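Next up, structure.csv (CSV, C-alpha atoms):
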chain,number,residue,atom,x,y,z
A,1047,MET,CA,1.6,19.3,-21.1
A,1048,LYS,CA,1.3,15.8,-22.6
A,1049,LYS,CA,1.0,12.9,-20.2
A,1050,SER,CA,4.3,11.5,-21.4
A,1051,GLU,CA,6.0,14.8,-20.5
A,1052,LYS,CA,4.3,14.8,-17.1
A,1053,ALA,CA,5.5,11.3,-16.5
A,1054,ALA,CA,9.1,12.2,-17.3
A,1055,LEU,CA,8.9,15.3,-15.1
A,1056,ILE,CA,7.3,13.4,-12.2
A,1057,LEU,CA,9.9,10.6,-12.4
A,1058,ASN,CA,12.8,13.0,-12.4
A,1059,THR,CA,11.4,15.1,-9.6
A,1060,LEU,CA,10.5,12.2,-7.3
A,1061,ASP,CA,13.9,10.6,-7.9
A,1062,GLY,CA,15.4,13.8,-6.5
A,1063,PHE,CA,13.2,13.8,-3.4
A,1064,TYR,CA,13.2,10.1,-2.7
A,1065,PRO,CA,16.0,8.3,-4.5
A,1066,GLN,CA,15.7,5.2,-2.3
A,1067,PRO,CA,12.2,5.2,-0.7
A,1068,ALA,CA,12.0,2.8,2.3
A,1069,ILE,CA,9.1,0.4,2.7
A,1070,PRO,CA,6.9,2.2,5.3
A,1071,LEU,CA,5.6,-1.0,7.1
A,1072,LYS,CA,8.2,-2.7,9.3
A,1073,HIS,CA,8.5,-6.4,8.6
A,1074,LYS,CA,11.0,-9.2,8.3
A,1075,ASP,CA,9.5,-11.4,5.7
A,1076,ALA,CA,6.5,-11.9,3.4
A,1077,TYR,CA,4.3,-13.1,6.2
A,1078,THR,CA,4.9,-10.2,8.5
A,1079,LEU,CA,4.5,-7.8,5.6
A,1080,LEU,CA,1.2,-9.4,4.6
A,1081,ILE,CA,-0.1,-9.1,8.2
A,1082,SER,CA,1.1,-5.5,8.4
A,1083,VAL,CA,-0.7,-4.6,5.1
A,1084,VAL,CA,-3.9,-6.2,6.3
A,1085,LEU,CA,-3.7,-4.1,9.4
A,1086,SER,CA,-3.0,-0.9,7.5
A,1087,ALA,CA,-6.6,-0.6,6.1
A,1088,GLN,CA,-8.3,2.5,7.5
A,1089,THR,CA,-5.4,3.3,9.8
A,1090,THR,CA,-1.9,4.8,9.5
A,1091,ASP,CA,1.3,3.0,8.8
A,1092,ALA,CA,2.7,4.6,11.9
A,1093,MET,CA,0.0,3.0,14.0
A,1094,VAL,CA,0.6,-0.4,12.4
A,1095,ASN,CA,4.3,-0.1,13.2
A,1096,ARG,CA,3.4,0.6,16.8
A,1097,VAL,CA,1.3,-2.5,17.3
A,1098,THR,CA,3.1,-5.1,15.3
A,1099,PRO,CA,6.3,-5.5,17.3
A,1100,ASP,CA,4.4,-6.9,20.3
A,1101,LEU,CA,2.1,-9.0,18.0
A,1102,PHE,CA,5.1,-10.4,16.1
A,1103,ALA,CA,7.0,-11.1,19.3
A,1104,ARG,CA,4.1,-13.4,20.2
A,1105,ALA,CA,3.4,-14.8,16.7
A,1106,ASP,CA,5.5,-14.1,13.6
A,1107,ASP,CA,4.6,-17.0,11.4
A,1108,PRO,CA,1.3,-18.7,10.4
A,1109,ALA,CA,1.8,-21.6,12.8
A,1110,LYS,CA,2.2,-19.5,15.8
A,1111,MET,CA,-0.6,-17.1,14.8
A,1112,ALA,CA,-3.0,-19.9,14.2
A,1113,THR,CA,-2.6,-21.1,17.8
A,1114,LEU,CA,-3.8,-17.7,19.2
A,1115,ASP,CA,-7.4,-17.1,19.9
A,1116,VAL,CA,-9.0,-14.3,17.8
A,1117,ALA,CA,-9.6,-12.4,21.0
A,1118,VAL,CA,-5.9,-12.4,21.8
A,1119,ILE,CA,-5.0,-11.2,18.3
A,1120,GLN,CA,-7.6,-8.5,18.7
A,1121,GLN,CA,-6.1,-7.3,22.0
A,1122,PHE,CA,-2.7,-6.8,20.3
A,1123,ILE,CA,-4.2,-4.8,17.4
A,1124,ARG,CA,-7.0,-3.0,19.3
A,1125,LYS,CA,-5.6,0.4,18.4
A,1126,CYS,CA,-6.0,-0.2,14.7
A,1127,GLY,CA,-9.3,0.5,13.0
A,1128,LEU,CA,-11.6,-2.5,12.4
A,1129,ALA,CA,-9.7,-4.6,14.9
A,1130,PRO,CA,-12.3,-7.3,15.4
A,1131,ARG,CA,-12.6,-7.9,11.6
A,1132,LYS,CA,-8.9,-7.8,11.1
A,1133,ALA,CA,-8.2,-10.2,14.0
A,1134,LYS,CA,-10.6,-12.8,12.4
A,1135,ALA,CA,-8.9,-12.3,9.0
A,1136,ILE,CA,-5.4,-12.7,10.4
A,1137,HIS,CA,-6.4,-15.9,12.2
A,1138,SER,CA,-8.2,-17.3,9.3
A,1139,LEU,CA,-5.6,-16.5,6.6
A,1140,SER,CA,-2.9,-18.0,8.9
A,1141,GLN,CA,-4.8,-21.2,9.0
A,1142,ILE,CA,-5.3,-21.2,5.2
A,1143,LEU,CA,-1.6,-20.7,4.7
A,1144,LEU,CA,-0.8,-23.7,6.8
A,1145,LYS,CA,-3.5,-25.9,5.1
A,1146,LYS,CA,-3.1,-24.9,1.5
A,1147,HIS,CA,0.3,-23.3,1.1
A,1148,ASN,CA,2.7,-25.2,3.4
A,1149,GLY,CA,2.8,-22.2,5.7
A,1150,LEU,CA,4.1,-19.9,3.0
A,1151,VAL,CA,2.7,-16.7,1.5
A,1152,PRO,CA,1.7,-17.5,-2.1
A,1153,GLN,CA,3.5,-15.6,-4.8
A,1154,ASN,CA,0.5,-15.0,-7.1
A,1155,TYR,CA,-2.5,-12.7,-7.1
A,1156,ALA,CA,-5.2,-15.4,-7.3
A,1157,ASP,CA,-4.1,-17.2,-4.1
A,1158,LEU,CA,-3.3,-13.9,-2.3
A,1159,GLU,CA,-6.7,-12.4,-3.1
A,1160,ALA,CA,-8.4,-15.5,-2.0
A,1161,LEU,CA,-7.2,-15.0,1.6
A,1162,PRO,CA,-9.5,-13.3,4.1
A,1163,GLY,CA,-8.9,-9.6,4.5
A,1164,VAL,CA,-6.7,-9.5,1.3
A,1165,GLY,CA,-7.9,-7.4,-1.6
A,1166,HIS,CA,-6.1,-6.5,-4.8
A,1167,LYS,CA,-4.2,-3.5,-3.3
A,1168,THR,CA,-2.9,-5.7,-0.4
A,1169,ALA,CA,-1.9,-8.4,-2.8
A,1170,SER,CA,-0.1,-5.8,-5.0
A,1171,VAL,CA,1.9,-4.5,-2.1
A,1172,VAL,CA,3.0,-8.0,-1.1
A,1173,MET,CA,3.9,-8.9,-4.7
A,1174,SER,CA,5.9,-5.7,-5.1
A,1175,GLN,CA,7.5,-5.3,-1.7
A,1176,ALA,CA,8.0,-9.0,-0.7
A,1177,PHE,CA,8.6,-10.7,-4.0
A,1178,GLY,CA,9.9,-7.9,-6.2
A,1179,GLU,CA,7.2,-8.4,-8.9
A,1180,ALA,CA,6.3,-5.3,-10.8
A,1181,ALA,CA,3.1,-3.9,-9.4
A,1182,PHE,CA,1.5,-0.5,-8.8
A,1183,PRO,CA,-0.6,-0.6,-5.6
A,1184,VAL,CA,-2.9,2.4,-5.5
A,1185,ASP,CA,-3.7,3.8,-2.1
A,1186,THR,CA,-5.6,7.1,-1.3
A,1187,HIS,CA,-2.5,9.2,-1.8
A,1188,ILE,CA,-1.7,7.8,-5.3
A,1189,HIS,CA,-5.4,7.9,-6.3
A,1190,ARG,CA,-5.7,11.5,-5.3
A,1191,LEU,CA,-2.4,12.7,-6.9
A,1192,ALA,CA,-3.0,10.8,-10.2
A,1193,TYR,CA,-6.3,12.7,-10.6
A,1194,ARG,CA,-4.8,16.0,-9.4
A,1195,TRP,CA,-2.0,15.7,-11.9
A,1196,GLY,CA,-4.3,14.8,-14.7
A,1197,LEU,CA,-3.0,11.3,-15.1
A,1198,SER,CA,-6.3,9.5,-14.5
A,1199,SER,CA,-10.0,10.2,-14.4
A,1200,GLY,CA,-10.3,9.7,-10.7
A,1201,LYS,CA,-13.3,7.4,-11.1
A,1202,ASN,CA,-11.9,4.5,-9.0
A,1203,VAL,CA,-8.7,3.0,-7.9
A,1204,GLU,CA,-8.9,0.2,-10.4
A,1205,GLN,CA,-9.0,2.7,-13.3
A,1206,THR,CA,-6.2,4.7,-11.7
A,1207,GLU,CA,-4.0,1.6,-11.5
A,1208,LYS,CA,-4.6,0.9,-15.2
A,1209,ASP,CA,-3.9,4.4,-16.2
A,1210,LEU,CA,-0.6,4.7,-14.3
A,1211,LYS,CA,0.6,1.4,-15.6
A,1212,ARG,CA,0.1,2.6,-19.1
A,1213,ILE,CA,1.9,5.9,-18.5
A,1214,PHE,CA,4.9,4.9,-16.5
A,1215,PRO,CA,7.5,2.2,-17.5
A,1216,LYS,CA,7.1,-1.1,-15.8
A,1217,GLU,CA,10.5,-1.0,-14.3
A,1218,THR,CA,9.6,2.1,-12.3
A,1219,TRP,CA,6.4,0.9,-10.7
A,1220,ASN,CA,7.7,-0.6,-7.5
A,1221,LYS,CA,9.8,2.4,-6.6
A,1222,LEU,CA,7.4,5.0,-8.0
A,1223,HIS,CA,4.3,3.9,-6.0
A,1224,LEU,CA,6.3,4.5,-2.8
A,1225,GLN,CA,7.7,7.8,-4.0
A,1226,ILE,CA,4.2,9.1,-4.7
A,1227,ILE,CA,2.9,8.0,-1.3
A,1228,TYR,CA,5.7,9.9,0.5
A,1229,PHE,CA,5.3,12.9,-1.7
A,1230,GLY,CA,1.5,13.0,-1.2
A,1231,ARG,CA,2.0,12.9,2.6
A,1232,GLU,CA,4.7,15.6,2.7
A,1233,TYR,CA,4.0,18.0,-0.1
A,1234,CYS,CA,0.7,17.3,-1.8
A,1235,PRO,CA,-2.0,16.7,0.9
A,1236,ALA,CA,-5.7,16.6,0.2
A,1237,ARG,CA,-6.5,19.6,2.4
A,1238,ARG,CA,-4.8,23.0,2.9
A,1239,HIS,CA,-2.7,22.4,-0.2
A,1240,ASP,CA,-1.1,25.3,-2.1
A,1241,PRO,CA,-0.5,24.3,-5.7
A,1242,GLN,CA,1.9,27.2,-6.1
A,1243,GLU,CA,4.1,25.9,-3.4
A,1244,CYS,CA,3.9,22.2,-4.4
A,1245,PRO,CA,7.1,21.1,-6.3
A,1246,LEU,CA,5.0,19.2,-8.8
A,1247,CYS,CA,1.6,20.8,-9.0
A,1248,LYS,CA,3.1,24.1,-10.0
A,1249,GLN,CA,4.7,22.4,-12.9
A,1250,VAL,CA,2.2,19.8,-14.2
A,1251,GLY,CA,-1.0,21.7,-13.3
A,1252,ARG,CA,-3.6,20.8,-10.7
A,1253,LYS,CA,-7.2,19.6,-11.0
A,1254,SER,CA,-9.9,20.2,-8.4
A,1255,LEU,CA,-10.4,17.3,-6.1
A,1256,THR,CA,-14.2,17.7,-5.9
A,1257,LYS,CA,-14.8,14.6,-8.0
A,1258,THR,CA,-12.8,12.4,-5.6

Please render this file's structure as structure tokens.
Amino acid sequence: MKKSEKAALILNTLDGFYPQPAIPLKHKDAYTLLISVVLSAQTTDAMVNRVTPDLFARADDPAKMATLDVAVIQQFIRKCGLAPRKAKAIHSLSQILLKKHNGLVPQNYADLEALPGVGHKTASVVMSQAFGEAAFPVDTHIHRLAYRWGLSSGKNVEQTEKDLKRIFPKETWNKLHLQIIYFGREYCPARRHDPQECPLCKQVGRKSLTKT
């Protein structure tokens, strides 16, 4: 099956399963989304959603967050992985937003990726989910499934992002990256996966995941 045929099949199938996929991280604005995405590294969205209500009740904007000691932030997020590092990043990026961006989350990749704790994937999520800019954030689920479905080489997430952007229409990216995440969690996990039972693998084929 050609990649273009796979893309059409994947889009159609995922639209059937997840016609309006919700943003998994609970937030009220660009800043709370940014903090939530920073926290999501090496932990689950469910865990982030458990710790952020108390954190945001105390500090839900850069000005309030910058007044907190790093130790206080760390206490709120202690159940998330890498809590000490993330607490420092959250405190520092809040200060930078106040000093350089008038307390606002910047709407461009260069300024976002210059913030502590913010890499390209985090910046892509914010650009997509907060500002509606076409982006294709690649997490572990998307990276795994893109290789499994023969859409990318699986060498690294950067290459996977480039490959998926070439294959799928730009107007589908923001919705599609969420659909693939949900599908990967529910139907196409890394372990104990039966390709004959998977709604997509049984149609588009399946590669071994040994390279990833």

Could you list, as a list in words, every residue within 10 Å of range 1087-1096 of chain A, counting only C-alpha atoms and ignoring same-chain residues fewer than 5 positions away?
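With the cut-off at 10 Å, the set is Pro1070, Leu1071, Lys1072, His1073, Ile1081, Ser1082, Leu1101, Ile1123, Lys1125, Cys1126, Gly1127, Leu1128, Lys1132, Gly1163, Thr1168 and Asp1185 of chain A.
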
Between A:His1137, A:Glu1217, A:Glu1159, A:Pro1108, single out the one closest to Ala1076 in chain A, counting only C-alpha atoms.
A:Pro1108

Interatomic distance (Å, one decimal) between CA of Tyr1193 in chain A and CA of Lys1167 in chain A
17.9 Å

Show me, as a PyMOL selection string, the residues that have an atom within 12 Å of Ile1142 in chain A when counting all atoms listed in the file, minus same-chain residues fewer than 2 positions from it.
chain A and resi 1108-1109+1111-1112+1135-1140+1144-1152+1157-1158+1160-1162

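Checking A:Pro1183, A:Gln1242, A:Lys1221, A:Asp1107 one by one against Leu1143 in chain A, counting only C-alpha atoms, you find the shortest gap at A:Asp1107.
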
Measuring atom to atom with all atoms listed in the file, identify which of A:Leu1114, A:Ile1227, A:Ala1236, A:Val1184 is nearest to Val1203 in chain A.
A:Val1184

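Pairwise distance (CA of Phe1177 in chain A, CA of Leu1222 in chain A) equals 16.2 Å.
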
Neighbours of Trp1195 in chain A within 12 Å (all atoms listed in the file; same-chain residues fewer than 6 positions away dropped), as a list in words?
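Contacts, in chain order: Met1047, Lys1048, Lys1049, Glu1051, Lys1052, Ala1053, Leu1055, Ile1056, Ile1188, His1189, Thr1206, Leu1210, Ile1226, Gly1230, Cys1234, Pro1241, Cys1244, Pro1245, Leu1246, Cys1247, Lys1248, Gln1249, Val1250, Gly1251, Arg1252, Lys1253, Ser1254 and Leu1255 of chain A.
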
Determine, counting only C-alpha atoms, which protein, DNA and RNA residues have an atom within 8 Å of an atom of Asn1220 in chain A; residues of the same chain fewer than 5 positions away are not included. Present the result as a PyMOL selection string.
chain A and resi 1174-1175+1178-1182

Listed atoms of range 1209-1227 of chain A boxed along x, y and z, 6 Å each side, centre and edge lengths in Å, one decimal, as AutoDock Vina command-line options:
--center_x 3.3 --center_y 4.0 --center_z -10.2 --size_x 26.4 --size_y 22.2 --size_z 29.8

From A:His1223, A:Pro1235, A:Ser1170, A:Ile1119, residue lying nearest Arg1194 in chain A [only C-alpha atoms]
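With only C-alpha atoms as the atom set, the closest residue is A:Pro1235.
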
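In this structure, CA of Glu1243 in chain A sits 28.4 Å away from CA of Arg1212 in chain A.
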
Polymer residues at most 10 Å from Tyr1155 in chain A, only C-alpha atoms, same-chain spacing of 6 or more positions, as a short mmCIF file (atom, residue, chain, number, x, y, z; two decimals) with C-alpha atoms, in the coordinates of the input:
data_model
loop_
_atom_site.label_atom_id
_atom_site.label_comp_id
_atom_site.auth_asym_id
_atom_site.auth_seq_id
_atom_site.Cartn_x
_atom_site.Cartn_y
_atom_site.Cartn_z
CA VAL A 1164 -6.70 -9.50 1.30
CA GLY A 1165 -7.90 -7.40 -1.60
CA HIS A 1166 -6.10 -6.50 -4.80
CA THR A 1168 -2.90 -5.70 -0.40
CA ALA A 1169 -1.90 -8.40 -2.80
CA SER A 1170 -0.10 -5.80 -5.00
CA VAL A 1172 3.00 -8.00 -1.10
CA MET A 1173 3.90 -8.90 -4.70
#

Using only C-alpha atoms, the best pick from A:Asp1240, A:Arg1190, A:Leu1197, A:Leu1085 as closest to Phe1214 in chain A would be A:Leu1197

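Closest approach to Ala1192 in chain A among A:Ala1176, A:Ile1213, A:Ala1156, A:Ile1069 is made by A:Ile1213 (distances from only C-alpha atoms).
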
Please complete range 1189-1207 of chain A so it has N, CA and C atoms, and hand it over as an mmCIF file, in the coordinates of the input.
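New file part_38.cif:
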data_model
loop_
_atom_site.group_PDB
_atom_site.id
_atom_site.type_symbol
_atom_site.label_atom_id
_atom_site.label_comp_id
_atom_site.auth_asym_id
_atom_site.auth_seq_id
_atom_site.Cartn_x
_atom_site.Cartn_y
_atom_site.Cartn_z
ATOM 1 N N HIS A 1189 -4.140 7.616 -5.628
ATOM 2 C CA HIS A 1189 -5.400 7.900 -6.300
ATOM 3 C C HIS A 1189 -5.662 9.375 -6.430
ATOM 4 N N ARG A 1190 -5.431 10.080 -5.334
ATOM 5 C CA ARG A 1190 -5.700 11.500 -5.300
ATOM 6 C C ARG A 1190 -4.702 12.262 -6.229
ATOM 7 N N LEU A 1191 -3.429 11.940 -6.144
ATOM 8 C CA LEU A 1191 -2.400 12.700 -6.900
ATOM 9 C C LEU A 1191 -2.535 12.345 -8.423
ATOM 10 N N ALA A 1192 -2.890 11.112 -8.765
ATOM 11 C CA ALA A 1192 -3.000 10.800 -10.200
ATOM 12 C C ALA A 1192 -4.138 11.605 -10.820
ATOM 13 N N TYR A 1193 -5.213 11.847 -10.086
ATOM 14 C CA TYR A 1193 -6.300 12.700 -10.600
ATOM 15 C C TYR A 1193 -5.828 14.171 -10.610
ATOM 16 N N ARG A 1194 -5.230 14.586 -9.511
ATOM 17 C CA ARG A 1194 -4.800 16.000 -9.400
ATOM 18 C C ARG A 1194 -3.829 16.377 -10.473
ATOM 19 N N TRP A 1195 -2.954 15.459 -10.851
ATOM 20 C CA TRP A 1195 -2.000 15.700 -11.900
ATOM 21 C C TRP A 1195 -2.450 15.445 -13.287
ATOM 22 N N GLY A 1196 -3.714 15.060 -13.423
ATOM 23 C CA GLY A 1196 -4.300 14.800 -14.700
ATOM 24 C C GLY A 1196 -3.806 13.546 -15.403
ATOM 25 N N LEU A 1197 -3.420 12.558 -14.590
ATOM 26 C CA LEU A 1197 -3.000 11.300 -15.100
ATOM 27 C C LEU A 1197 -4.050 10.241 -15.217
ATOM 28 N N SER A 1198 -5.143 10.461 -14.492
ATOM 29 C CA SER A 1198 -6.300 9.500 -14.500
ATOM 30 C C SER A 1198 -7.556 10.249 -14.242
ATOM 31 N N SER A 1199 -8.654 9.591 -14.540
ATOM 32 C CA SER A 1199 -10.000 10.200 -14.400
ATOM 33 C C SER A 1199 -10.455 10.360 -13.005
ATOM 34 N N GLY A 1200 -9.877 9.590 -12.088
ATOM 35 C CA GLY A 1200 -10.300 9.700 -10.700
ATOM 36 C C GLY A 1200 -11.577 8.912 -10.400
ATOM 37 N N LYS A 1201 -12.054 8.091 -11.356
ATOM 38 C CA LYS A 1201 -13.300 7.400 -11.100
ATOM 39 C C LYS A 1201 -13.210 6.336 -10.040
ATOM 40 N N ASN A 1202 -12.142 5.548 -10.039
ATOM 41 C CA ASN A 1202 -11.900 4.500 -9.000
ATOM 42 C C ASN A 1202 -10.481 4.092 -9.040
ATOM 43 N N VAL A 1203 -10.074 3.382 -7.991
ATOM 44 C CA VAL A 1203 -8.700 3.000 -7.900
ATOM 45 C C VAL A 1203 -8.262 1.990 -8.957
ATOM 46 N N GLU A 1204 -9.210 1.182 -9.401
ATOM 47 C CA GLU A 1204 -8.900 0.200 -10.400
ATOM 48 C C GLU A 1204 -8.508 0.912 -11.745
ATOM 49 N N GLN A 1205 -9.268 1.946 -12.097
ATOM 50 C CA GLN A 1205 -9.000 2.700 -13.300
ATOM 51 C C GLN A 1205 -7.647 3.450 -13.157
ATOM 52 N N THR A 1206 -7.439 4.011 -11.957
ATOM 53 C CA THR A 1206 -6.200 4.700 -11.700
ATOM 54 C C THR A 1206 -4.987 3.820 -11.886
ATOM 55 N N GLU A 1207 -5.077 2.593 -11.370
ATOM 56 C CA GLU A 1207 -4.000 1.600 -11.500
ATOM 57 C C GLU A 1207 -3.702 1.361 -13.003
#
